[in-house]
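Data from start-v6.cif: mmCIF, C-alpha atoms (C1' of nucleotides)
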```
data_my_file
loop_
_atom_site.label_atom_id
_atom_site.label_comp_id
_atom_site.auth_asym_id
_atom_site.auth_seq_id
_atom_site.Cartn_x
_atom_site.Cartn_y
_atom_site.Cartn_z
CA MET A 97 -124.05 2.69 171.40
CA THR A 98 -125.25 2.96 167.86
CA GLY A 99 -126.20 -0.55 166.96
CA THR A 100 -125.78 -4.25 167.24
CA ARG A 101 -122.10 -4.71 166.44
CA GLY A 102 -119.47 -5.88 168.84
CA TYR A 103 -119.60 -8.38 171.62
CA HIS A 104 -121.85 -6.24 173.73
CA HIS A 105 -125.09 -5.51 172.04
CA GLY A 106 -125.65 -2.13 173.57
CA ASP A 107 -129.37 -2.16 174.21
CA LEU A 108 -130.36 -5.79 174.11
CA ARG A 109 -133.02 -5.53 176.75
CA ARG A 110 -135.04 -3.00 174.77
CA VAL A 111 -134.45 -4.80 171.49
CA LEU A 112 -135.72 -8.06 173.00
CA LEU A 113 -138.86 -6.41 174.36
CA THR A 114 -139.58 -4.85 170.98
CA ALA A 115 -138.99 -8.17 169.24
CA ALA A 116 -141.34 -9.83 171.72
CA VAL A 117 -144.07 -7.32 170.90
CA GLN A 118 -143.56 -8.05 167.21
CA ALA A 119 -143.58 -11.82 167.71
CA ILE A 120 -146.71 -11.75 169.88
CA GLN A 121 -148.53 -9.60 167.33
CA GLU A 122 -147.67 -12.16 164.67
CA ALA A 123 -148.57 -15.39 166.44
CA GLY A 124 -149.92 -14.70 169.92
CA PRO A 125 -148.24 -15.07 173.31
CA ALA A 126 -148.50 -18.86 173.28
CA ALA A 127 -146.10 -19.17 170.37
CA LEU A 128 -143.50 -16.86 171.90
CA SER A 129 -140.03 -18.37 172.07
CA LEU A 130 -136.98 -16.89 173.77
CA ARG A 131 -134.71 -18.52 171.21
CA ASP A 132 -136.67 -16.92 168.40
CA LEU A 133 -136.29 -13.53 170.04
CA ALA A 134 -132.57 -14.14 170.33
CA ARG A 135 -132.40 -14.96 166.62
CA ARG A 136 -134.34 -11.81 165.74
CA ALA A 137 -131.93 -9.74 167.82
CA GLY A 138 -128.90 -11.49 166.37
CA VAL A 139 -127.59 -12.80 169.69
CA SER A 140 -127.02 -16.25 171.13
CA HIS A 141 -129.88 -18.36 172.42
CA ALA A 142 -128.98 -17.79 176.05
CA ALA A 143 -128.59 -14.03 175.93
CA PRO A 144 -132.21 -13.22 176.87
CA ALA A 145 -131.91 -15.15 180.11
CA HIS A 146 -129.30 -12.71 181.37
CA HIS A 147 -131.68 -9.75 181.16
CA PHE A 148 -134.93 -11.39 182.20
CA GLY A 149 -134.03 -14.57 184.04
CA ASP A 150 -136.60 -16.66 182.24
CA LYS A 151 -139.58 -16.40 179.93
CA ALA A 152 -141.91 -15.28 182.70
CA GLY A 153 -139.41 -12.56 183.55
CA LEU A 154 -139.55 -11.16 180.04
CA LEU A 155 -143.34 -11.19 180.04
CA THR A 156 -143.31 -9.54 183.46
CA ALA A 157 -141.28 -6.69 182.04
CA LEU A 158 -143.66 -6.49 179.09
CA ALA A 159 -146.67 -6.32 181.42
CA VAL A 160 -145.11 -3.52 183.46
CA GLU A 161 -144.42 -1.58 180.29
CA GLY A 162 -148.00 -2.22 179.20
CA PHE A 163 -149.57 -0.91 182.40
CA ASP A 164 -147.45 2.23 182.17
CA LEU A 165 -148.40 2.78 178.55
CA LEU A 166 -152.04 2.31 179.49
CA ALA A 167 -151.79 4.78 182.35
CA GLU A 168 -150.23 7.30 180.00
CA ALA A 169 -152.95 6.79 177.39
CA LEU A 170 -155.71 7.22 179.98
CA ARG A 171 -154.13 10.36 181.42
CA GLY A 172 -153.99 11.76 177.90
CA ALA A 173 -157.76 11.33 177.60
CA GLY A 174 -158.41 13.61 180.53
CA ASP A 175 -161.42 13.45 182.84
CA ASP A 176 -163.95 12.66 180.16
CA LEU A 177 -165.59 9.28 180.61
CA LEU A 178 -166.27 8.68 176.95
CA ALA A 179 -162.78 9.74 175.90
CA ALA A 180 -161.22 7.55 178.58
CA GLY A 181 -163.23 4.55 177.41
CA VAL A 182 -162.25 5.08 173.80
CA ALA A 183 -158.62 5.51 174.88
CA TYR A 184 -158.79 2.17 176.71
CA VAL A 185 -160.04 0.36 173.60
CA ASP A 186 -157.60 2.25 171.43
CA PHE A 187 -154.74 1.15 173.67
CA ALA A 188 -155.81 -2.48 173.51
CA VAL A 189 -155.97 -2.44 169.72
CA GLY A 190 -152.85 -0.34 169.24
CA HIS A 191 -150.77 -2.23 171.81
CA ARG A 192 -152.27 -5.62 171.26
CA ALA A 193 -149.23 -7.58 172.44
CA HIS A 194 -148.93 -5.69 175.72
CA PHE A 195 -152.66 -5.93 176.35
CA GLU A 196 -152.81 -9.65 175.67
CA VAL A 197 -150.06 -10.30 178.20
CA MET A 198 -151.25 -7.91 180.91
CA PHE A 199 -154.44 -9.82 181.67
CA ARG A 200 -152.99 -13.33 181.49
CA PRO A 201 -151.74 -14.01 185.01
CA ASP A 202 -150.55 -17.50 184.07
CA LEU A 203 -147.90 -16.00 181.79
CA TYR A 204 -145.98 -13.78 184.18
CA ARG A 205 -145.39 -12.91 187.82
CA THR A 206 -148.34 -10.71 188.74
CA ASP A 207 -147.14 -10.39 192.32
CA ALA A 208 -143.82 -8.79 191.41
CA PRO A 209 -143.48 -5.38 193.09
CA GLU A 210 -142.94 -3.54 189.81
CA VAL A 211 -146.11 -5.10 188.44
CA ARG A 212 -148.12 -4.13 191.51
CA ALA A 213 -146.87 -0.56 191.25
CA ALA A 214 -147.51 -0.21 187.52
CA ARG A 215 -150.94 -1.78 187.89
CA GLU A 216 -151.75 0.70 190.62
CA ARG A 217 -150.70 3.62 188.44
CA ALA A 218 -152.97 2.41 185.65
CA GLY A 219 -155.79 1.83 188.12
CA ALA A 220 -155.50 5.38 189.41
CA ALA A 221 -155.65 6.75 185.88
CA LEU A 222 -158.68 4.59 185.19
CA ARG A 223 -160.54 5.75 188.29
CA SER A 224 -159.72 9.34 187.46
CA GLY A 225 -161.15 8.92 183.97
CA VAL A 226 -164.39 7.53 185.36
CA SER A 227 -164.66 10.01 188.20
CA ALA A 228 -166.50 12.60 186.15
CA LEU A 229 -169.86 11.27 185.10
CA PRO A 230 -171.69 13.09 182.32
CA PRO A 231 -173.72 16.14 183.39
CA GLY A 232 -177.27 15.37 184.40
CA ARG A 233 -176.24 11.86 185.36
CA ALA A 234 -174.87 12.22 188.83
CA THR A 235 -173.75 9.17 190.72
CA VAL A 236 -176.79 7.80 192.44
CA GLY A 237 -174.94 5.80 195.00
CA ASP A 238 -171.89 3.75 194.45
CA ALA A 239 -169.16 5.42 192.43
CA ARG A 240 -167.02 2.31 192.66
CA GLY A 241 -169.78 0.34 190.99
CA ASP A 242 -169.92 2.85 188.16
CA ALA A 243 -166.19 2.49 187.68
CA LEU A 244 -166.42 -1.29 187.62
CA ALA A 245 -169.22 -1.21 185.07
CA ALA A 246 -167.29 1.18 182.86
CA TRP A 247 -164.12 -0.87 183.10
CA SER A 248 -166.04 -4.04 182.33
CA ILE A 249 -167.73 -2.71 179.23
CA VAL A 250 -164.60 -1.28 177.63
CA HIS A 251 -162.47 -4.27 178.62
CA GLY A 252 -165.06 -6.67 177.27
CA PHE A 253 -165.42 -4.82 174.00
CA ALA A 254 -161.65 -4.63 173.55
CA THR A 255 -161.20 -8.32 174.32
CA LEU A 256 -163.95 -9.40 171.94
CA TRP A 257 -162.55 -7.14 169.24
CA LEU A 258 -159.04 -8.55 169.63
CA ALA A 259 -160.35 -12.10 169.66
CA GLY A 260 -162.07 -11.48 166.34
CA ALA A 261 -165.30 -12.63 167.97
CA LEU A 262 -167.44 -9.69 166.85
CA PRO A 263 -169.70 -9.98 163.80
CA PRO A 264 -168.78 -7.94 160.71
CA GLU A 265 -171.75 -5.60 161.13
CA VAL A 266 -169.84 -3.91 163.95
CA GLY A 267 -167.65 -2.28 161.34
CA GLY A 268 -163.96 -1.79 160.89
CA ASP A 269 -163.22 1.09 163.23
CA PRO A 270 -162.90 0.02 166.87
CA ARG A 271 -163.06 3.61 168.11
CA ASP A 272 -166.43 4.31 166.51
CA ALA A 273 -167.89 1.00 167.61
CA ALA A 274 -166.56 1.47 171.13
CA ARG A 275 -168.09 4.93 171.38
CA ALA A 276 -171.52 3.55 170.50
CA VAL A 277 -171.17 0.85 173.12
CA ILE A 278 -169.93 3.11 175.90
CA ARG A 279 -172.67 5.64 175.25
CA ARG A 280 -175.25 3.00 176.13
CA LEU A 281 -173.87 2.67 179.63
CA PHE A 282 -174.22 6.21 180.97
CA TRP A 283 -176.33 7.96 178.33
CA PRO A 284 -179.30 5.62 178.03
CA MET B 165 -166.48 -50.30 177.96
CA THR B 166 -166.21 -49.86 181.67
CA GLY B 167 -162.75 -48.45 182.15
CA THR B 168 -159.20 -48.09 181.10
CA ARG B 169 -158.05 -51.70 180.86
CA GLY B 170 -157.02 -53.46 177.68
CA TYR B 171 -155.19 -52.22 174.65
CA HIS B 172 -158.08 -50.08 173.56
CA HIS B 173 -158.96 -47.46 176.09
CA GLY B 174 -162.64 -47.33 175.36
CA ASP B 175 -163.33 -43.62 175.70
CA LEU B 176 -159.98 -41.96 175.38
CA ARG B 177 -161.23 -38.92 173.53
CA ARG B 178 -163.56 -37.92 176.35
CA VAL B 179 -161.01 -38.76 179.03
CA LEU B 180 -158.42 -36.56 177.31
CA LEU B 181 -160.81 -33.64 177.05
CA THR B 182 -161.67 -33.93 180.72
CA ALA B 183 -158.01 -34.15 181.63
CA ALA B 184 -157.35 -31.06 179.52
CA VAL B 185 -160.03 -29.13 181.41
CA GLN B 186 -158.43 -30.18 184.67
CA ALA B 187 -154.92 -29.27 183.53
CA ILE B 188 -155.97 -25.87 182.19
CA GLN B 189 -157.76 -25.06 185.42
CA GLU B 190 -154.58 -25.89 187.31
CA ALA B 191 -152.02 -23.99 185.25
CA GLY B 192 -153.66 -22.19 182.36
CA PRO B 193 -153.78 -23.04 178.67
CA ALA B 194 -150.18 -22.03 178.06
CA ALA B 195 -148.85 -24.83 180.23
CA LEU B 196 -151.00 -27.49 178.60
CA SER B 197 -149.01 -30.50 177.36
CA LEU B 198 -150.30 -33.37 175.28
CA ARG B 199 -147.81 -35.71 176.91
CA ASP B 200 -149.04 -34.73 180.34
CA LEU B 201 -152.61 -35.47 179.29
CA ALA B 202 -151.48 -38.85 178.02
CA ARG B 203 -149.85 -39.59 181.37
CA ARG B 204 -152.99 -38.55 183.24
CA ALA B 205 -155.04 -40.88 181.04
CA GLY B 206 -152.53 -43.70 181.39
CA VAL B 207 -151.80 -44.03 177.69
CA SER B 208 -148.72 -43.57 175.55
CA HIS B 209 -147.43 -40.15 174.64
CA ALA B 210 -148.65 -40.39 171.04
CA ALA B 211 -152.18 -41.57 171.74
CA PRO B 212 -153.75 -38.09 171.85
CA ALA B 213 -152.57 -37.35 168.32
CA HIS B 214 -154.76 -40.09 166.95
CA HIS B 215 -157.94 -38.46 168.25
CA PHE B 216 -157.14 -34.81 167.73
CA GLY B 217 -154.33 -34.65 165.19
CA ASP B 218 -152.34 -32.12 167.15
CA LYS B 219 -152.58 -29.77 170.10
CA ALA B 220 -154.65 -27.23 168.18
CA GLY B 221 -157.04 -30.02 167.28
CA LEU B 222 -157.63 -30.87 170.91
CA LEU B 223 -158.22 -27.23 171.80
CA THR B 224 -160.57 -26.92 168.82
CA ALA B 225 -162.66 -29.75 170.23
CA LEU B 226 -162.57 -28.08 173.63
CA ALA B 227 -163.74 -24.78 172.15
CA VAL B 228 -166.65 -26.46 170.35
CA GLU B 229 -167.69 -28.13 173.56
CA GLY B 230 -167.41 -24.79 175.32
CA PHE B 231 -169.64 -22.93 172.87
CA ASP B 232 -172.25 -25.65 173.17
CA LEU B 233 -172.13 -25.56 176.96
CA LEU B 234 -172.48 -21.77 176.82
CA ALA B 235 -175.47 -21.99 174.48
CA GLU B 236 -177.09 -24.45 176.84
CA ALA B 237 -176.46 -22.24 179.86
CA LEU B 238 -177.91 -19.18 178.10
CA ARG B 239 -180.99 -21.06 176.95
CA GLY B 240 -181.51 -22.16 180.54
CA ALA B 241 -181.63 -18.53 181.62
CA GLY B 242 -184.62 -17.80 179.40
CA ASP B 243 -185.44 -14.43 177.86
CA ASP B 244 -184.51 -12.35 180.86
CA LEU B 245 -181.63 -10.02 180.18
CA LEU B 246 -180.33 -9.93 183.73
CA ALA B 247 -180.55 -13.71 184.11
CA ALA B 248 -178.80 -14.25 180.79
CA GLY B 249 -175.98 -11.92 181.81
CA VAL B 250 -175.52 -13.65 185.13
CA ALA B 251 -175.58 -17.01 183.34
CA TYR B 252 -172.81 -15.81 181.02
CA VAL B 253 -170.58 -14.84 183.93
CA ASP B 254 -171.51 -17.99 185.80
CA PHE B 255 -170.50 -20.08 182.80
CA ALA B 256 -167.15 -18.32 182.52
CA VAL B 257 -166.36 -18.92 186.19
CA GLY B 258 -167.76 -22.44 186.32
CA HIS B 259 -166.19 -23.56 183.05
CA ARG B 260 -163.06 -21.51 183.28
CA ALA B 261 -160.96 -23.80 181.09
CA HIS B 262 -163.45 -23.84 178.23
CA PHE B 263 -163.96 -20.09 178.44
CA GLU B 264 -160.25 -19.32 178.44
CA VAL B 265 -159.75 -21.32 175.28
CA MET B 266 -162.86 -20.16 173.40
CA PHE B 267 -161.71 -16.57 173.05
CA ARG B 268 -158.07 -17.27 172.25
CA PRO B 269 -157.98 -17.65 168.47
CA ASP B 270 -154.25 -18.24 168.46
CA LEU B 271 -154.73 -21.52 170.31
CA TYR B 272 -157.10 -23.39 168.00
CA ARG B 273 -158.64 -23.42 164.52
CA THR B 274 -161.44 -20.87 164.74
CA ASP B 275 -162.35 -21.39 161.09
CA ALA B 276 -163.15 -25.09 161.48
CA PRO B 277 -166.75 -25.77 160.43
CA GLU B 278 -167.70 -27.34 163.79
CA VAL B 279 -166.40 -24.21 165.53
CA ARG B 280 -168.36 -21.91 163.25
CA ALA B 281 -171.53 -23.90 163.86
CA ALA B 282 -171.13 -24.07 167.63
CA ARG B 283 -170.26 -20.38 167.79
CA GLU B 284 -173.39 -19.58 165.81
CA ARG B 285 -175.53 -21.63 168.19
CA ALA B 286 -174.11 -19.74 171.15
CA GLY B 287 -174.56 -16.43 169.34
CA ALA B 288 -178.24 -17.20 168.71
CA ALA B 289 -178.79 -18.03 172.36
CA LEU B 290 -177.05 -14.80 173.33
CA ARG B 291 -179.17 -12.65 171.03
CA SER B 292 -182.28 -14.36 172.28
CA GLY B 293 -181.33 -13.58 175.87
CA VAL B 294 -180.85 -9.91 175.05
CA SER B 295 -183.93 -9.62 172.87
CA ALA B 296 -186.25 -8.79 175.73
CA LEU B 297 -185.26 -5.50 177.30
CA PRO B 298 -186.68 -4.63 180.69
CA PRO B 299 -190.16 -3.10 180.70
CA GLY B 300 -190.18 0.67 180.44
CA ARG B 301 -186.87 0.60 178.62
CA ALA B 302 -187.81 -0.12 175.05
CA THR B 303 -185.13 -0.25 172.43
CA VAL B 304 -184.69 3.27 171.18
CA GLY B 305 -183.04 2.38 167.94
CA ASP B 306 -180.49 -0.24 167.37
CA ALA B 307 -181.19 -3.59 169.00
CA ARG B 308 -177.91 -4.98 167.72
CA GLY B 309 -176.09 -2.21 169.54
CA ASP B 310 -177.88 -3.12 172.76
CA ALA B 311 -176.81 -6.74 172.31
CA LEU B 312 -173.22 -5.71 171.69
CA ALA B 313 -173.17 -3.52 174.79
CA ALA B 314 -174.64 -6.29 176.92
CA TRP B 315 -172.21 -8.86 175.57
CA SER B 316 -169.29 -6.50 176.13
CA ILE B 317 -170.14 -5.74 179.74
CA VAL B 318 -170.64 -9.35 180.82
CA HIS B 319 -167.67 -10.59 178.84
CA GLY B 320 -165.47 -7.87 180.27
CA PHE B 321 -166.56 -8.53 183.82
CA ALA B 322 -166.03 -12.27 183.43
CA THR B 323 -162.59 -11.80 181.88
CA LEU B 324 -161.45 -9.38 184.57
CA TRP B 325 -162.77 -11.70 187.27
CA LEU B 326 -160.93 -14.71 185.83
CA ALA B 327 -157.74 -12.71 185.43
CA GLY B 328 -157.88 -11.80 189.11
CA ALA B 329 -157.65 -8.16 188.09
CA LEU B 330 -160.56 -6.92 190.20
CA PRO B 331 -159.96 -5.27 193.58
CA PRO B 332 -161.06 -7.18 196.68
CA GLU B 333 -163.90 -4.72 197.39
CA VAL B 334 -165.85 -6.37 194.59
CA GLY B 335 -166.48 -9.30 196.89
CA GLY B 336 -166.26 -13.04 196.57
CA ASP B 337 -169.43 -13.89 194.69
CA PRO B 338 -169.19 -13.29 190.96
CA ARG B 339 -172.94 -13.63 190.47
CA ASP B 340 -173.78 -10.86 192.91
CA ALA B 341 -171.10 -8.55 191.57
CA ALA B 342 -172.14 -9.26 187.99
CA ARG B 343 -175.76 -8.45 188.76
CA ALA B 344 -174.79 -5.06 190.12
CA VAL B 345 -172.72 -4.32 187.03
CA ILE B 346 -175.33 -5.46 184.51
CA ARG B 347 -178.06 -3.47 186.23
CA ARG B 348 -176.15 -0.29 185.49
CA LEU B 349 -176.41 -0.88 181.75
CA PHE B 350 -180.15 -1.03 181.24
CA TRP B 351 -181.57 0.13 184.56
CA PRO B 352 -179.72 3.38 185.07
"C1'" DC C 52 -103.16 -0.07 184.24
"C1'" DT C 53 -105.74 -3.55 186.66
"C1'" DC C 54 -109.35 -6.14 187.94
"C1'" DA C 55 -114.09 -7.05 189.02
"C1'" DA C 56 -118.67 -6.92 187.35
"C1'" DA C 57 -121.67 -6.84 183.52
"C1'" DT C 58 -122.65 -8.84 179.22
"C1'" DC C 59 -122.75 -12.39 175.91
"C1'" DT C 60 -121.39 -17.28 174.04
"C1'" DT C 61 -121.00 -22.22 173.88
"C1'" DG C 62 -122.44 -26.55 175.56
"C1'" DT C 63 -125.69 -29.49 177.63
"C1'" DC C 64 -130.02 -31.73 179.65
"C1'" DG C 65 -134.79 -32.98 180.13
"C1'" DA C 66 -139.32 -32.04 178.14
"C1'" DT C 67 -142.26 -31.26 174.34
"C1'" DG C 68 -144.88 -31.61 169.67
"C1'" DA C 69 -144.98 -33.88 165.56
"C1'" DC C 70 -144.27 -37.64 162.65
"C1'" DA C 71 -143.39 -42.57 161.08
"C1'" DA C 72 -143.81 -47.35 161.54
"C1'" DG C 73 -145.47 -51.18 163.84
"C1'" DA C 74 -148.52 -53.83 167.23
"C1'" DT C 75 -153.16 -54.95 168.89
"C1'" DC C 76 -157.99 -54.98 168.90
"C1'" DG C 77 -162.86 -55.14 167.24
"C1'" DC C 78 -166.16 -55.62 163.94
"C1'" DA C 79 -168.35 -56.25 159.46
"C1'" DC C 80 -168.69 -59.57 156.13
"C1'" DC C 81 -168.46 -63.92 154.13
"C1'" DG D 225 -166.61 -69.67 162.66
"C1'" DG D 226 -163.15 -67.59 160.55
"C1'" DT D 227 -160.83 -63.57 158.13
"C1'" DG D 228 -159.37 -59.39 156.82
"C1'" DC D 229 -159.49 -54.49 157.31
"C1'" DG D 230 -159.82 -50.27 159.68
"C1'" DA D 231 -159.63 -48.09 164.11
"C1'" DT D 232 -156.94 -47.62 168.08
"C1'" DC D 233 -152.81 -47.47 170.61
"C1'" DT D 234 -147.47 -48.11 171.18
"C1'" DT D 235 -142.65 -47.53 170.35
"C1'" DG D 236 -139.09 -44.93 168.31
"C1'" DT D 237 -137.17 -40.78 166.55
"C1'" DC D 238 -136.11 -35.81 165.48
"C1'" DA D 239 -136.01 -30.80 165.81
"C1'" DT D 240 -137.06 -27.25 169.05
"C1'" DC D 241 -137.50 -25.21 173.38
"C1'" DG D 242 -136.49 -23.47 178.33
"C1'" DA D 243 -133.25 -23.65 181.78
"C1'" DC D 244 -128.83 -24.08 183.64
"C1'" DA D 245 -123.61 -24.19 183.91
"C1'" DA D 246 -119.21 -22.67 182.62
"C1'" DG D 247 -116.36 -19.89 179.98
"C1'" DA D 248 -115.13 -15.75 176.90
"C1'" DT D 249 -115.23 -10.75 176.09
"C1'" DT D 250 -115.98 -6.06 177.17
"C1'" DT D 251 -116.63 -2.06 180.03
"C1'" DG D 252 -115.55 1.03 183.45
"C1'" DA D 253 -114.31 2.26 188.19
"C1'" DG D 254 -110.37 3.00 190.91
#
```

Once you've parsed the file, please lay out its structure as structure tokens.
Amino acid sequence: MTGTRGYHHGDLRRVLLTAAVQAIQEAGPAALSLRDLARRAGVSHAAPAHHFGDKAGLLTALAVEGFDLLAEALRGAGDDLLAAGVAYVDFAVGHRAHFEVMFRPDLYRTDAPEVRAARERAGAALRSGVSALPPGRATVGDARGDALAAWSIVHGFATLWLAGALPPEVGGDPRDAARAVIRRLFWP
Amino acid sequence: MTGTRGYHHGDLRRVLLTAAVQAIQEAGPAALSLRDLARRAGVSHAAPAHHFGDKAGLLTALAVEGFDLLAEALRGAGDDLLAAGVAYVDFAVGHRAHFEVMFRPDLYRTDAPEVRAARERAGAALRSGVSALPPGRATVGDARGDALAAWSIVHGFATLWLAGALPPEVGGDPRDAARAVIRRLFWP
DNA sequence: CTCAAATCTTGTCGATGACAAGATCGCACC
DNA sequence: GGTGCGATCTTGTCATCGACAAGATTTGAG
């Protein structure tokens, strides 16, 4: 139970997921290799298949974990729109590997029941974070449209940040830059 | 010059790029295979390497082409902010393969000089599209911040749309949905 | 204590990317 | 009109990868 010795690893599933996060942070999801993960974990090349079936299975598990981590982060931000937006960007930067997998439907099985459920939990947290518009800026009509606009702007900023597409003038702190961007949406 | 006969293909480079666009649209960039492209083009498995060096080289060429197509699309939209935003989303949906490669730095050589140049051309077109804010909504301070917010919201919407992450209530026409989202940024 | 299921290993196959070496073509130059 | 050289494409090869099959080891329920 304490480590990696013995025939049975003890907690291989978790170790593989953690190694996958590490590997994706280093070289992106495209370069991910199950055999490399097995080497990192000190097990044989076929061990990962037992826990995840195939590569898409491992990434499916990673996506589920990612949506749950995102839901948790958004809940922690409370009902404040600005805080929720910053939390979204902060999650993307802080859990880059999860985030990069979650929105790449060609990499995993988006229709798996666990994925649907986790995605729904994150969606509920997101809607809750957007539900409270700033005072003096009541919803004029379509609250769903407000939510979509808010999601779009934070998702776009996070994606551009992660892609390294933003010019250097934006600065080095994603939270500060994100705040300035979000403010322009509902505090014009 | 007219086709694929003979030892020399005639226009293999272009044919391979077109086949790559097709293949990426079918199965995503992760499933792209140089040997599959060679089969589609009717050439040997090593022919692509001559034109692009390696897989990253082919995707680099695809990214350059994508940034140039984007610049062209944005210039076509003129100086209208709303039109430029819709054009951005329209480009992402209409040139899905290019767009999915352009913002994935782990897939190609983002520091190649041709990439830097093409990216700069697209960036200039983008800034020009955002330069003219709607009447009655003059820039209060930071025009660069306005541009970043506009880029973020259209990029985020396009990415979420392509990922199939948006709920069905958004509707089937990305241009209409994008217009509604963009309007919330500068016409609150 | 026994045995079945869970876990991991070894072995293998087809596919892939990258590289090397050779064949063929086209064109500038004489 | 030839000729040689560079560009283009082919064939051959190797290490790596994902997936699968079959076997070995361990755990734990009964």

Evaluated on this file, the PyMOL selection byres ((chain A and resi 106-115) around 12) picks out some residues - which ones are they, written as an MDAnalysis selection string? (chainID A and resid 97:105 116:122 128:141 143:149 151 153:162 191 193:194) or (chainID C and resid 57:59) or (chainID D and resid 250:251)

Evaluate the PyMOL selection byres ((chain C) within 9 of (chain B)) and record the selected residues as an NGL selection string, following the chain and residue labels used in the document. :C and (67-69 or 75-76)

Store the residues picked out above in a file with C-alpha atoms (C1' of nucleotides), as a PDB file, in the frame of the given file.
```
ATOM      1  C1'  DT C  67    -142.260 -31.260 174.340  1.00  0.00           C
ATOM      2  C1'  DG C  68    -144.880 -31.610 169.670  1.00  0.00           C
ATOM      3  C1'  DA C  69    -144.980 -33.880 165.560  1.00  0.00           C
ATOM      4  C1'  DT C  75    -153.160 -54.950 168.890  1.00  0.00           C
ATOM      5  C1'  DC C  76    -157.990 -54.980 168.900  1.00  0.00           C
TER       6       DC C  76
END
```

Can you give me, as a list in words, the residues this file yields under the PyMOL selection byres ((chain D) within 7 of (chain B))? DT232, DC233 and DT234 of chain D

Hey, can you spit out that residue selection with C-alpha atoms (C1' of nucleotides) as a short mmCIF file (atom, residue, chain, number, x, y, z; two decimals), in the coordinates of the input?
```
data_model
loop_
_atom_site.label_atom_id
_atom_site.label_comp_id
_atom_site.auth_asym_id
_atom_site.auth_seq_id
_atom_site.Cartn_x
_atom_site.Cartn_y
_atom_site.Cartn_z
"C1'" DT D 232 -156.94 -47.62 168.08
"C1'" DC D 233 -152.81 -47.47 170.61
"C1'" DT D 234 -147.47 -48.11 171.18
#
```

What gap, in Å, lies between atom CA of A:Ala208 and atom CA of A:Ser224?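 Rounded to one decimal, the two atoms are 24.4 Å apart.
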
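With atom CA of B:Leu246 on one side and atom CA of A:Gly268 on the other, the separation reads 29.3 Å.
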
With 5 Å on each side, where is the centre of the axis-aligned box around all listed atoms of stretch 230-246 of chain D, and how long are its edges in Å to one decimal, as AutoDock Vina command-line options?
```
--center_x -139.5 --center_y -36.5 --center_z 171.8 --size_x 50.6 --size_y 37.6 --size_z 34.2
```

Interatomic distance (Å, one decimal) between atom CA of B:Asp337 and atom CA of B:Val253: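 One can read the atom CA of B:Asp337 to atom CA of B:Val253 distance as 10.9 Å.
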